[in-house]
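Source file: start_9.cif; contents: mmCIF, C-alpha atoms.
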```
data_model
loop_
_atom_site.label_atom_id
_atom_site.label_comp_id
_atom_site.auth_asym_id
_atom_site.auth_seq_id
_atom_site.Cartn_x
_atom_site.Cartn_y
_atom_site.Cartn_z
CA MET A 1253 -31.73 -38.24 -11.65
CA ILE A 1254 -30.01 -40.74 -9.38
CA ASP A 1255 -28.09 -43.58 -11.01
CA PRO A 1256 -27.77 -46.20 -8.23
CA GLU A 1257 -24.83 -48.05 -9.82
CA ARG A 1258 -22.95 -44.82 -10.32
CA LEU A 1259 -23.73 -43.72 -6.77
CA LEU A 1260 -22.45 -47.01 -5.35
CA ARG A 1261 -19.13 -46.34 -7.14
CA HIS A 1262 -18.93 -42.63 -6.27
CA PRO A 1263 -15.50 -41.75 -4.84
CA ILE A 1264 -15.80 -40.22 -1.37
CA PRO A 1265 -12.68 -38.39 -0.16
CA GLU A 1266 -10.39 -40.20 2.26
CA ILE A 1267 -9.91 -38.05 5.36
CA ARG A 1268 -6.86 -37.93 7.61
CA GLN A 1269 -7.28 -36.24 10.95
CA LYS A 1270 -5.14 -35.62 14.00
CA TYR A 1271 -7.03 -34.97 17.21
CA SER A 1272 -5.82 -34.02 20.65
CA ARG A 1273 -6.95 -34.35 24.24
CA LYS A 1274 -8.26 -30.82 23.86
CA ASP A 1275 -10.53 -31.98 20.99
CA THR A 1276 -11.80 -34.85 23.16
CA MET A 1277 -12.74 -32.43 25.93
CA LEU A 1278 -14.28 -29.98 23.46
CA TYR A 1279 -16.54 -32.70 22.07
CA ALA A 1280 -17.84 -33.53 25.56
CA LEU A 1281 -18.41 -29.84 26.30
CA GLY A 1282 -20.45 -29.60 23.10
CA LEU A 1283 -22.84 -32.23 24.48
CA GLY A 1284 -23.23 -30.27 27.70
CA LEU A 1285 -20.99 -32.18 30.09
CA GLY A 1286 -19.22 -30.47 32.97
CA ARG A 1287 -21.99 -28.26 34.35
CA ARG A 1288 -21.82 -28.00 38.13
CA SER A 1289 -25.63 -28.09 38.25
CA SER A 1290 -25.69 -31.57 36.69
CA PRO A 1291 -26.59 -34.43 39.06
CA SER A 1292 -23.73 -36.43 37.52
CA HIS A 1293 -21.16 -33.62 37.63
CA ALA A 1294 -18.52 -35.72 39.42
CA GLN A 1295 -18.80 -38.60 36.91
CA GLU A 1296 -18.74 -36.21 33.95
CA MET A 1297 -15.43 -34.59 34.89
CA ARG A 1298 -13.32 -37.41 33.45
CA TYR A 1299 -14.66 -36.50 30.00
CA VAL A 1300 -13.87 -32.77 30.28
CA TYR A 1301 -10.75 -32.69 32.49
CA GLU A 1302 -7.36 -33.92 31.35
CA LYS A 1303 -6.74 -35.81 34.62
CA GLU A 1304 -7.68 -39.45 33.86
CA LEU A 1305 -9.37 -38.29 30.66
CA SER A 1306 -11.72 -40.66 28.79
CA ALA A 1307 -13.35 -40.27 25.36
CA LEU A 1308 -17.11 -40.55 24.96
CA PRO A 1309 -18.08 -43.40 22.62
CA THR A 1310 -20.11 -41.16 20.34
CA MET A 1311 -17.02 -39.04 19.63
CA GLY A 1312 -16.44 -41.52 16.81
CA LEU A 1313 -19.20 -39.64 14.98
CA VAL A 1314 -16.94 -36.62 14.45
CA LEU A 1315 -13.73 -38.48 13.52
CA GLY A 1316 -12.78 -38.51 9.85
CA TYR A 1317 -15.93 -36.66 8.79
CA PRO A 1318 -15.89 -36.41 4.95
CA GLY A 1319 -18.18 -33.38 4.72
CA LEU A 1320 -21.20 -32.91 2.46
CA TRP A 1321 -19.91 -35.02 -0.43
CA MET A 1322 -23.48 -35.65 -1.63
CA GLY A 1323 -23.51 -32.05 -2.82
CA ASP A 1324 -21.33 -33.10 -5.78
CA SER A 1325 -23.55 -32.78 -8.88
CA ALA A 1326 -22.25 -36.16 -10.11
CA THR A 1327 -24.27 -37.92 -7.38
CA GLY A 1328 -27.60 -36.78 -8.86
CA ILE A 1329 -28.80 -35.91 -5.35
CA ASP A 1330 -30.72 -32.74 -4.49
CA VAL A 1331 -29.19 -32.03 -1.06
CA LYS A 1332 -31.83 -29.38 -0.32
CA ARG A 1333 -34.30 -32.28 -0.05
CA MET A 1334 -32.06 -34.54 1.99
CA LEU A 1335 -32.58 -35.50 5.64
CA HIS A 1336 -30.32 -37.34 8.07
CA GLY A 1337 -32.69 -40.24 8.72
CA ALA A 1338 -30.72 -42.46 11.07
CA GLN A 1339 -27.26 -43.18 12.44
CA VAL A 1340 -25.33 -46.23 13.61
CA VAL A 1341 -21.91 -46.29 15.28
CA ARG A 1342 -20.09 -49.54 16.07
CA LEU A 1343 -16.98 -49.38 18.24
CA SER A 1344 -14.18 -51.94 18.17
CA LYS A 1345 -12.77 -50.65 21.46
CA PRO A 1346 -12.91 -47.53 23.65
CA LEU A 1347 -11.66 -44.57 21.64
CA PRO A 1348 -8.19 -43.15 22.37
CA VAL A 1349 -8.28 -39.65 23.86
CA GLU A 1350 -5.82 -38.45 21.21
CA GLY A 1351 -4.37 -39.78 18.01
CA GLU A 1352 -4.38 -39.78 14.24
CA VAL A 1353 -7.05 -41.46 12.12
CA VAL A 1354 -7.84 -42.08 8.49
CA SER A 1355 -11.40 -42.61 7.33
CA THR A 1356 -12.66 -44.26 4.16
CA SER A 1357 -16.31 -44.05 3.13
CA ALA A 1358 -18.48 -45.80 0.57
CA VAL A 1359 -22.15 -46.01 -0.36
CA ILE A 1360 -23.32 -49.52 0.57
CA SER A 1361 -27.04 -49.31 -0.25
CA VAL A 1362 -29.37 -47.27 -2.48
CA VAL A 1363 -33.11 -47.85 -1.98
CA ASP A 1364 -35.81 -46.62 -4.35
CA LYS A 1365 -39.26 -46.36 -2.76
CA GLY A 1366 -40.92 -45.47 -6.06
CA PRO A 1367 -41.96 -42.47 -8.18
CA GLY A 1368 -42.87 -39.44 -6.10
CA ARG A 1369 -41.62 -41.16 -2.97
CA ASP A 1370 -38.33 -41.10 -1.09
CA ALA A 1371 -34.99 -42.72 -1.78
CA VAL A 1372 -32.68 -43.95 0.98
CA VAL A 1373 -28.87 -43.96 0.76
CA VAL A 1374 -26.72 -45.75 3.33
CA THR A 1375 -23.07 -44.72 3.60
CA ARG A 1376 -20.49 -46.56 5.71
CA ARG A 1377 -17.40 -44.85 7.14
CA ARG A 1378 -14.51 -46.83 8.60
CA VAL A 1379 -12.21 -44.97 10.98
CA VAL A 1380 -8.74 -46.50 11.48
CA ASP A 1381 -6.06 -45.56 14.01
CA THR A 1382 -3.07 -44.90 11.75
CA ARG A 1383 -0.50 -45.37 14.51
CA ARG A 1384 -1.63 -48.92 15.31
CA ASP A 1385 -3.40 -49.76 12.04
CA GLU A 1386 -6.49 -50.74 14.07
CA LEU A 1387 -10.14 -50.20 13.22
CA LEU A 1388 -11.64 -47.88 15.84
CA CYS A 1389 -15.22 -47.65 14.62
CA GLU A 1390 -17.64 -48.02 11.74
CA LEU A 1391 -20.39 -45.48 11.14
CA ASP A 1392 -23.47 -45.99 8.99
CA VAL A 1393 -25.28 -42.84 7.89
CA VAL A 1394 -28.84 -43.29 6.61
CA SER A 1395 -29.82 -40.37 4.34
CA VAL A 1396 -33.43 -39.88 3.28
CA LEU A 1397 -33.80 -38.16 -0.10
CA ARG A 1398 -37.30 -36.69 -0.01
CA GLY A 1399 -39.30 -37.24 -3.20
CA GLN A 1400 -36.25 -38.43 -5.13
CA GLY A 1401 -37.36 -42.01 -5.79
CA GLY A 1402 -38.51 -43.43 -9.10
CA PHE A 1403 -35.11 -44.02 -10.74
CA GLY A 1404 -35.60 -47.76 -11.07
CA GLY A 1405 -33.50 -48.89 -8.14
CA SER A 1406 -34.07 -51.71 -5.67
CA PRO A 1407 -37.01 -51.18 -3.27
CA SER A 1408 -35.24 -53.09 -0.48
CA GLY A 1409 -32.04 -52.76 1.49
CA ALA A 1410 -32.89 -50.05 4.03
CA PRO A 1411 -31.63 -50.91 7.53
CA THR A 1412 -34.00 -51.79 10.36
CA PHE A 1413 -33.86 -50.52 13.93
CA ALA A 1414 -34.86 -51.82 17.34
CA ALA A 1415 -38.51 -51.95 18.34
CA ILE A 1416 -39.37 -50.03 21.50
CA PRO A 1417 -41.24 -52.15 24.10
CA GLU A 1418 -44.95 -51.50 24.56
CA ARG A 1419 -44.61 -50.90 28.29
CA SER A 1420 -43.53 -48.11 30.57
CA PRO A 1421 -39.80 -47.35 30.47
CA ASP A 1422 -37.56 -48.74 33.18
CA LEU A 1423 -35.78 -45.41 33.56
CA VAL A 1424 -36.37 -41.80 32.55
CA ASP A 1425 -33.66 -39.15 32.49
CA HIS A 1426 -33.67 -35.44 31.60
CA TRP A 1427 -30.85 -33.65 29.80
CA ASP A 1428 -30.77 -29.88 29.29
CA LEU A 1429 -29.31 -28.74 25.97
CA ASP A 1430 -27.16 -25.64 26.38
CA GLU A 1431 -28.33 -22.54 24.49
CA ARG A 1432 -24.81 -22.41 23.00
CA ALA A 1433 -24.74 -26.13 22.14
CA ALA A 1434 -24.63 -25.66 18.36
CA LEU A 1435 -21.90 -23.03 18.60
CA ILE A 1436 -19.72 -25.35 20.67
CA TYR A 1437 -20.53 -28.62 18.91
CA ARG A 1438 -19.73 -27.25 15.45
CA LEU A 1439 -16.11 -26.77 16.57
CA SER A 1440 -15.80 -30.57 16.46
CA GLY A 1441 -16.02 -30.39 12.66
CA ASP A 1442 -19.59 -29.93 11.36
CA PHE A 1443 -19.71 -26.33 10.16
CA ASN A 1444 -23.07 -26.53 8.37
CA PRO A 1445 -24.41 -22.92 8.63
CA LEU A 1446 -27.95 -24.25 9.16
CA HIS A 1447 -27.00 -24.66 12.81
CA VAL A 1448 -25.90 -21.06 13.39
CA ASP A 1449 -27.26 -18.80 10.63
CA GLU A 1450 -30.66 -17.34 11.58
CA ALA A 1451 -31.58 -16.15 8.08
CA LEU A 1452 -30.61 -19.46 6.45
CA ALA A 1453 -32.60 -21.49 8.99
CA GLN A 1454 -35.69 -19.35 8.45
CA SER A 1455 -35.33 -19.60 4.66
CA VAL A 1456 -35.80 -23.39 4.88
CA GLY A 1457 -38.71 -23.26 7.31
CA PHE A 1458 -37.18 -23.31 10.79
CA ALA A 1459 -37.93 -20.63 13.37
CA GLN A 1460 -34.25 -20.54 14.34
CA PRO A 1461 -31.07 -22.55 13.72
CA ILE A 1462 -31.57 -26.20 14.66
CA LEU A 1463 -29.15 -28.30 16.66
CA HIS A 1464 -26.96 -30.87 14.94
CA GLY A 1465 -28.77 -34.22 14.99
CA LEU A 1466 -25.57 -35.95 16.08
CA CYS A 1467 -25.30 -33.55 19.03
CA THR A 1468 -28.83 -34.55 20.06
CA LEU A 1469 -27.91 -38.23 19.68
CA GLY A 1470 -24.71 -37.85 21.69
CA SER A 1471 -26.59 -36.02 24.44
CA ALA A 1472 -29.28 -38.72 24.57
CA VAL A 1473 -26.62 -41.43 24.85
CA CYS A 1474 -25.02 -39.50 27.74
CA SER A 1475 -28.43 -39.25 29.37
CA ALA A 1476 -29.02 -43.01 29.03
CA SER A 1477 -25.49 -43.75 30.21
CA ARG A 1478 -26.00 -41.60 33.31
CA ALA A 1479 -29.31 -43.22 34.19
CA ALA A 1480 -28.48 -46.86 33.46
CA LEU A 1481 -24.68 -47.19 33.68
CA GLY A 1482 -23.55 -44.66 36.26
CA PHE A 1483 -21.83 -42.91 33.34
CA GLU A 1484 -19.54 -45.88 32.61
CA ALA A 1485 -19.77 -44.98 28.93
CA GLU A 1486 -16.76 -47.13 28.02
CA ARG A 1487 -19.12 -50.12 28.22
CA ILE A 1488 -20.88 -48.93 25.06
CA ARG A 1489 -19.98 -50.73 21.84
CA MET A 1490 -22.83 -49.78 19.50
CA VAL A 1491 -25.40 -46.99 19.22
CA ALA A 1492 -28.22 -46.78 16.68
CA ALA A 1493 -31.26 -44.53 16.39
CA ARG A 1494 -33.63 -42.84 13.94
CA PHE A 1495 -33.99 -39.06 13.79
CA THR A 1496 -37.68 -38.11 13.85
CA ALA A 1497 -37.77 -34.33 14.46
CA PRO A 1498 -35.30 -31.46 14.91
CA THR A 1499 -34.16 -30.12 18.26
CA TYR A 1500 -33.15 -26.60 19.22
CA PRO A 1501 -30.40 -25.40 21.55
CA GLY A 1502 -31.80 -24.70 25.03
CA GLN A 1503 -34.47 -27.41 24.92
CA ARG A 1504 -34.81 -30.18 27.51
CA LEU A 1505 -34.58 -33.81 26.42
CA ARG A 1506 -36.59 -36.55 28.10
CA THR A 1507 -34.92 -39.89 27.47
CA GLU A 1508 -36.94 -43.04 28.11
CA ILE A 1509 -34.83 -46.16 28.64
CA TRP A 1510 -35.68 -49.87 28.63
CA ARG A 1511 -33.28 -52.54 29.86
CA ALA A 1512 -32.83 -55.60 27.64
CA GLU A 1513 -30.32 -58.44 27.54
CA GLY A 1514 -26.95 -56.93 26.74
CA GLU A 1515 -28.39 -53.62 25.64
CA LEU A 1516 -30.46 -50.55 26.40
CA LEU A 1517 -33.34 -49.40 24.23
CA PHE A 1518 -34.25 -45.73 24.20
CA ARG A 1519 -36.50 -43.04 22.82
CA CYS A 1520 -36.14 -39.30 23.27
CA HIS A 1521 -38.61 -36.39 23.37
CA THR A 1522 -38.19 -32.68 23.80
CA GLU A 1523 -40.29 -31.02 26.48
CA GLY A 1524 -42.10 -27.70 26.69
CA GLU A 1525 -43.34 -25.66 23.74
CA GLY A 1526 -43.18 -27.61 20.49
CA ALA A 1527 -42.52 -30.92 22.32
CA ALA A 1528 -41.87 -33.82 19.93
CA CYS A 1529 -40.28 -37.25 19.66
CA VAL A 1530 -36.84 -36.45 18.23
CA LEU A 1531 -35.11 -39.85 18.45
CA ASP A 1532 -36.83 -43.22 18.13
CA ASN A 1533 -35.96 -46.92 17.88
CA GLY A 1534 -32.72 -46.28 19.74
CA SER A 1535 -30.44 -49.06 20.96
CA ILE A 1536 -27.15 -49.18 22.86
CA SER A 1537 -25.18 -52.45 22.92
CA LEU A 1538 -23.00 -53.05 25.97
CA THR A 1539 -20.03 -55.07 27.10
CA SER A 1540 -20.56 -57.05 30.29
#
```

Could you write out this file's structure as structure tokens?
Amino acid sequence: MIDPERLLRHPIPEIRQKYSRKDTMLYALGLGLGRRSSPSHAQEMRYVYEKELSALPTMGLVLGYPGLWMGDSATGIDVKRMLHGAQVVRLSKPLPVEGEVVSTSAVISVVDKGPGRDAVVVTRRRVVDTRRDELLCELDVVSVLRGQGGFGGSPSGAPTFAAIPERSPDLVDHWDLDERAALIYRLSGDFNPLHVDEALAQSVGFAQPILHGLCTLGSAVCSASRAALGFEAERIRMVAARFTAPTYPGQRLRTEIWRAEGELLFRCHTEGEGAACVLDNGSISLTS
């Protein structure tokens, strides 16, 4: 049983991490950048080639990752019934292409939707550049605990996300997920076997290993950046979206994009067999 007060005080490990220019390029490769067949190949090269290298804004998602701390029995959480419901990343500045960071994480909200219903836990991670003592980014992870409500917690406090306009998108872009995407992306730090182990994936109801949700999100942001910003991804200061269905390596993403004042709104579907909306209520805040 979840004890919300205890969960709010639960100690999450502080993580120190050094990362190199090689790690920055590897992250971009995991999202599928650098393919000669891509219509934005020339613009993508500065994310995968050390000459004039830049870091993608969503790389903050893999910095200082504390691992599956919710698996600690003291949390009262059944991680087998946990879903990554949504993600927010707020950037203070463009990320350095190499450096050393320390991350600190804390539960900031526990929502109880009632007996037999879900619970929602929001965790915030702050990633600081240790060399300059500067905040690089904050990341809010929204975890949905299926059927784990009813512990007497507050029914409010879950974050809200942008509404998608009820009109045709201003732009549409397609992004092909590499068949090896999960194998490459996991080298940036998320080694959950669900994304590579065939037998494990099938044991929990998937036909094959699913792609990391954060890889899908990063790819969708690249797609929106290509279509709306000419791949000037350093203009991005915030990304938020809800995860609505799993994706699989090798699928094609269709990203619908709406322009708004100071931001882009987006939604993402897979195409072909088993097509589904996989990201919804997405928003990208921009600098001028």

Using only C-alpha atoms, pick whichever of A:Cys1520, A:Met1253, A:Ile1509, A:Leu1388 has the shortest atom-to-atom distance to Val1354 of chain A.
A:Leu1388

When you draw a straight line from atom CA of Asp1385 of chain A to atom CA of Gly1351 of chain A, how long is it in Å?
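Between atom CA of Asp1385 of chain A and atom CA of Gly1351 of chain A the gap works out to 11.7 Å.
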
Enumerate, as a list in words, the residues matched when the PyMOL selection byres ((chain A and resi 1335-1345) around 7) is run on the file above.
Arg1333, Met1334, Pro1346, Leu1347, Leu1387, Leu1388, Cys1389, Glu1390, Leu1391, Asp1392, Val1393, Val1394, Ser1395, Val1396, Leu1397, Arg1489, Met1490, Val1491, Ala1492, Ala1493, Arg1494 and Phe1495 of chain A

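You can rank A:Asp1442, A:Glu1431, A:Asp1364, A:Glu1302 by their closest distance to Leu1315 of chain A using all atoms listed in the file, and at the top of that list sits A:Asp1442.
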
Exercise on segment 1486-1500 of chain A, axis-aligned box with 6 Å per side, report centre and edge lengths in Å to one decimal, as JSON:
```
{"center_x": -27.3, "center_y": -38.7, "center_z": 21.0, "size_x": 33.0, "size_y": 36.1, "size_z": 26.4}
```

What does the distance between atom CA of Pro1411 of chain A and atom CA of Gly1441 of chain A come to in Å, to one decimal place?
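Taking atom CA of Pro1411 of chain A as the start and atom CA of Gly1441 of chain A as the end point, the length is 26.3 Å.
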
Quick one: everything within 12 Å of Leu1517 of chain A, counting all atoms listed in the file, minus sequence neighbours fewer than 2 positions away in the same chain. Send it as number ranges by chain.
A: 1413-1418, 1421-1424, 1472-1473, 1476-1477, 1480, 1490-1493, 1507-1515, 1519-1520, 1531-1538

Would you kindly translate the PyMOL selection byres ((chain A and resi 1348) around 10) into the concrete residues it picks from this file, as a list of chain:residue names?
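Applying the PyMOL selection byres ((chain A and resi 1348) around 10) to the structure shown produces A:Tyr1271, A:Ser1272, A:Arg1273, A:Thr1276, A:Leu1305, A:Ser1306, A:Ala1307, A:Leu1308, A:Pro1309, A:Lys1345, A:Pro1346, A:Leu1347, A:Val1349, A:Glu1350, A:Gly1351, A:Glu1352, A:Asp1381, A:Leu1388.
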
Residues just named, written with C-alpha atoms as an mmCIF file, in the frame of the given file:
```cif
data_model
loop_
_atom_site.group_PDB
_atom_site.id
_atom_site.type_symbol
_atom_site.label_atom_id
_atom_site.label_comp_id
_atom_site.auth_asym_id
_atom_site.auth_seq_id
_atom_site.Cartn_x
_atom_site.Cartn_y
_atom_site.Cartn_z
ATOM 1 C CA TYR A 1271 -7.030 -34.970 17.210
ATOM 2 C CA SER A 1272 -5.820 -34.020 20.650
ATOM 3 C CA ARG A 1273 -6.950 -34.350 24.240
ATOM 4 C CA THR A 1276 -11.800 -34.850 23.160
ATOM 5 C CA LEU A 1305 -9.370 -38.290 30.660
ATOM 6 C CA SER A 1306 -11.720 -40.660 28.790
ATOM 7 C CA ALA A 1307 -13.350 -40.270 25.360
ATOM 8 C CA LEU A 1308 -17.110 -40.550 24.960
ATOM 9 C CA PRO A 1309 -18.080 -43.400 22.620
ATOM 10 C CA LYS A 1345 -12.770 -50.650 21.460
ATOM 11 C CA PRO A 1346 -12.910 -47.530 23.650
ATOM 12 C CA LEU A 1347 -11.660 -44.570 21.640
ATOM 13 C CA VAL A 1349 -8.280 -39.650 23.860
ATOM 14 C CA GLU A 1350 -5.820 -38.450 21.210
ATOM 15 C CA GLY A 1351 -4.370 -39.780 18.010
ATOM 16 C CA GLU A 1352 -4.380 -39.780 14.240
ATOM 17 C CA ASP A 1381 -6.060 -45.560 14.010
ATOM 18 C CA LEU A 1388 -11.640 -47.880 15.840
#
```

In Å, how far is it from atom CA of Arg1268 of chain A to atom CA of Val1380 of chain A?
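Value for the atom CA of Arg1268 of chain A-atom CA of Val1380 of chain A distance: 9.6 Å.
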
Which of these, A:Arg1288, A:Ala1497, A:Lys1274, A:Gln1454, has the shortest distance to Lys1303 of chain A once you count all atoms listed in the file?
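The closest residue to Lys1303 of chain A is A:Lys1274.
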
Residues matched by the PyMOL selection byres ((chain A and resi 1462) around 7) as a ChimeraX atom specification:
/A:1446-1447,1460-1461,1463-1464,1498-1500

Give the answer as one residue: which of A:Val1374, A:Pro1318, A:Leu1281, A:Leu1469 has the shortest atom-to-atom distance to Ala1433 of chain A, using all atoms listed in the file?
A:Leu1281

Compile the contact shell of Pro1367 of chain A as a PyMOL selection string: residues with an atom at most 9 Å away, counting all atoms listed in the file, same-chain residues fewer than 3 positions apart removed.
chain A and resi 1364+1370+1399-1404
